[in-house]
file structure_2.pdb (PDB, C-alpha atoms)
ATOM      1  CA  MET W 214     105.151  98.877 102.246
ATOM      2  CA  ALA W 215     104.551  96.557 105.210
ATOM      3  CA  ILE W 216     104.046  99.562 107.503
ATOM      4  CA  GLU W 217     101.446 101.059 105.151
ATOM      5  CA  LEU W 218      99.610  97.734 104.905
ATOM      6  CA  ALA W 219      99.532  97.346 108.689
ATOM      7  CA  ASP W 220      98.241 100.911 109.058
ATOM      8  CA  ALA W 221      95.534 100.301 106.444
ATOM      9  CA  ARG W 222      94.395  97.173 108.268
ATOM     10  CA  ARG W 223      94.286  98.996 111.603
ATOM     11  CA  TRP W 224      92.460 102.096 110.331
ATOM     12  CA  GLY W 225      90.313 100.419 107.677
ATOM     13  CA  TRP W 226      91.538 102.734 104.942
ATOM     14  CA  ALA W 227      94.690 103.805 103.145
ATOM     15  CA  GLU W 228      95.870 107.081 101.709
ATOM     16  CA  ALA W 229      98.518 108.330  99.366
ATOM     17  CA  ALA W 230      99.677 111.793  98.409
ATOM     18  CA  GLY W 231     102.269 112.447  95.740
ATOM     19  CA  GLU W 232     103.366 108.813  95.492
ATOM     20  CA  ARG W 233     102.560 108.002  91.856
ATOM     21  CA  GLU W 234     101.884 111.507  90.614
ATOM     22  CA  PRO W 235     103.279 114.566  92.390
ATOM     23  CA  ASP W 236      99.917 116.345  92.580
ATOM     24  CA  LEU W 237      97.616 113.362  93.184
ATOM     25  CA  ALA W 238      96.068 112.379  96.505
ATOM     26  CA  ALA W 239      93.904 109.323  97.107
ATOM     27  CA  LEU W 240      91.961 107.442  99.779
ATOM     28  CA  ALA W 241      90.773 103.844  99.549
ATOM     29  CA  ALA W 242      88.696 101.532 101.738
ATOM     30  CA  PRO W 243      88.246  97.768 101.295
ATOM     31  CA  VAL W 244      84.926  96.131 100.401
ATOM     32  CA  PHE W 245      84.630  92.644 101.872
ATOM     33  CA  GLY W 246      82.519  89.899 100.288
ATOM     34  CA  ARG W 247      80.488  86.996 101.581
ATOM     35  CA  ASP W 248      83.556  84.912 102.479
ATOM     36  CA  GLY W 249      85.231  87.866 104.221
ATOM     37  CA  GLY W 250      87.708  88.331 101.397
ATOM     38  CA  LEU W 251      88.417  91.532  99.546
ATOM     39  CA  VAL W 252      86.069  91.920  96.555
ATOM     40  CA  ALA W 253      86.533  95.609  95.720
ATOM     41  CA  ILE W 254      88.039  98.866  96.818
ATOM     42  CA  LEU W 255      86.068 102.071  97.158
ATOM     43  CA  GLY W 256      88.269 105.080  96.528
ATOM     44  CA  LEU W 257      88.519 108.821  96.079
ATOM     45  CA  GLN W 258      91.245 110.702  94.310
ATOM     46  CA  GLY W 259      91.995 114.204  93.186
ATOM     47  CA  PRO W 260      94.588 116.952  93.204
ATOM     48  CA  VAL W 261      96.492 117.374  96.474
ATOM     49  CA  ALA W 262      95.281 120.987  96.584
ATOM     50  CA  ARG W 263      91.670 119.757  96.787
ATOM     51  CA  LEU W 264      92.424 116.771  99.031
ATOM     52  CA  PRO W 265      94.899 118.039 101.624
ATOM     53  CA  ALA W 266      95.647 115.921 104.701
ATOM     54  CA  GLU W 267      92.834 117.504 106.752
ATOM     55  CA  THR W 268      90.253 116.793 104.046
ATOM     56  CA  ARG W 269      91.473 113.219 103.609
ATOM     57  CA  ALA W 270      91.173 112.692 107.363
ATOM     58  CA  ALA W 271      87.629 114.089 107.354
ATOM     59  CA  LEU W 272      86.601 111.885 104.421
ATOM     60  CA  SER W 273      88.088 108.665 105.774
ATOM     61  CA  GLU W 274      85.218 107.801 108.139
ATOM     62  CA  PRO W 275      82.417 108.287 105.570
ATOM     63  CA  LEU W 276      84.468 106.377 102.984
ATOM     64  CA  VAL W 277      84.930 103.403 105.336
ATOM     65  CA  ALA W 278      81.203 103.491 106.177
ATOM     66  CA  ALA W 279      80.259 103.521 102.484
ATOM     67  CA  ALA W 280      82.609 100.603 101.769
ATOM     68  CA  ALA W 281      81.090  98.643 104.658
ATOM     69  CA  GLU W 282      77.565  99.385 103.403
ATOM     70  CA  LEU W 283      78.512  98.230  99.912
ATOM     71  CA  GLY W 284      80.048  95.050 101.330
ATOM     72  CA  GLY W 285      76.863  94.405 103.316
ATOM     73  CA  ALA W 286      74.754  94.866 100.186
ATOM     74  CA  LEU W 287      76.925  92.249  98.489
ATOM     75  CA  GLY W 288      76.260  89.814 101.328
ATOM     76  CA  GLY W 289      79.582  90.427 103.010
ATOM     77  CA  THR W 290      80.655  91.620 106.375
ATOM     78  CA  THR W 291      80.357  95.250 107.391
ATOM     79  CA  ALA W 292      83.330  94.913 109.750
ATOM     80  CA  VAL W 293      86.708  96.299 108.744
ATOM     81  CA  GLY W 294      89.383  93.593 108.209
TER      82      GLY W 294
END

call {"tool": "encode", "arguments": {"input": "structure_2.pdb", "output": "structure tokens"}}
result
Amino acid sequence: MAIELADARRWGWAEAAGEREPDLAALAAPVFGRDGGLVAILGLQGPVARLPAETRAALSEPLVAAAAELGGALGGTTAVG
């Protein structure tokens, strides 16, 4: 768990595939509020067949950008943790 958390902080997003459900894949990016704290998470999920590793990698940058834009609209920082 600590390794995954460190990776999520470094990359600005986290992913999972087959962890809770065998055929479920997910991506998530943090949304930071006015005080710099986490206020929400913006995420995508779907079947592993539709979100293979290559697709998750391609979607990570736009997901992080959307989370930063949402954080900015809420008066927060647009920088990743």

call {"tool": "closest_residue", "arguments": {"input": "structure_2.pdb", "among": "W:Val244, W:Ala221, W:Ala229, W:Leu283", "to": "W:Leu257", "atoms": "only C-alpha atoms"}}
result
W:Ala229

call {"tool": "residues_around", "arguments": {"input": "structure_2.pdb", "residues": "W:Asp236", "least_positions_apart": "2", "cutoff": "7 Å", "atoms": "only C-alpha atoms", "output": "JSON, numbers by chain"}}
result
{"W": [231, 234, 238, 260, 261]}

call {"tool": "closest_residue", "arguments": {"input": "structure_2.pdb", "among": "W:Pro235, W:Glu228, W:Phe245, W:Ala262", "to": "W:Ala279", "atoms": "all atoms listed in the file"}}
result
W:Phe245

call {"tool": "atom_distance", "arguments": {"input": "structure_2.pdb", "atom1": "atom CA of W:Arg269", "atom2": "atom CA of W:Gly250"}}
result
25.3 Å

call {"tool": "atom_distance", "arguments": {"input": "structure_2.pdb", "atom1": "atom CA of W:Trp224", "atom2": "atom CA of W:Gly249"}}
result
17.1 Å

call {"tool": "closest_residue", "arguments": {"input": "structure_2.pdb", "among": "W:Leu287, W:Ala230, W:Leu276, W:Val252", "to": "W:Leu264", "atoms": "all atoms listed in the file"}}
result
W:Ala230

call {"tool": "closest_residue", "arguments": {"input": "structure_2.pdb", "among": "W:Ile254, W:Arg233, W:Ala239, W:Asp248", "to": "W:Val277", "atoms": "all atoms listed in the file"}}
result
W:Ile254

call {"tool": "closest_residue", "arguments": {"input": "structure_2.pdb", "among": "W:Gly289, W:Gly259, W:Gly225, W:Gly284", "to": "W:Ala241", "atoms": "all atoms listed in the file"}}
result
W:Gly225
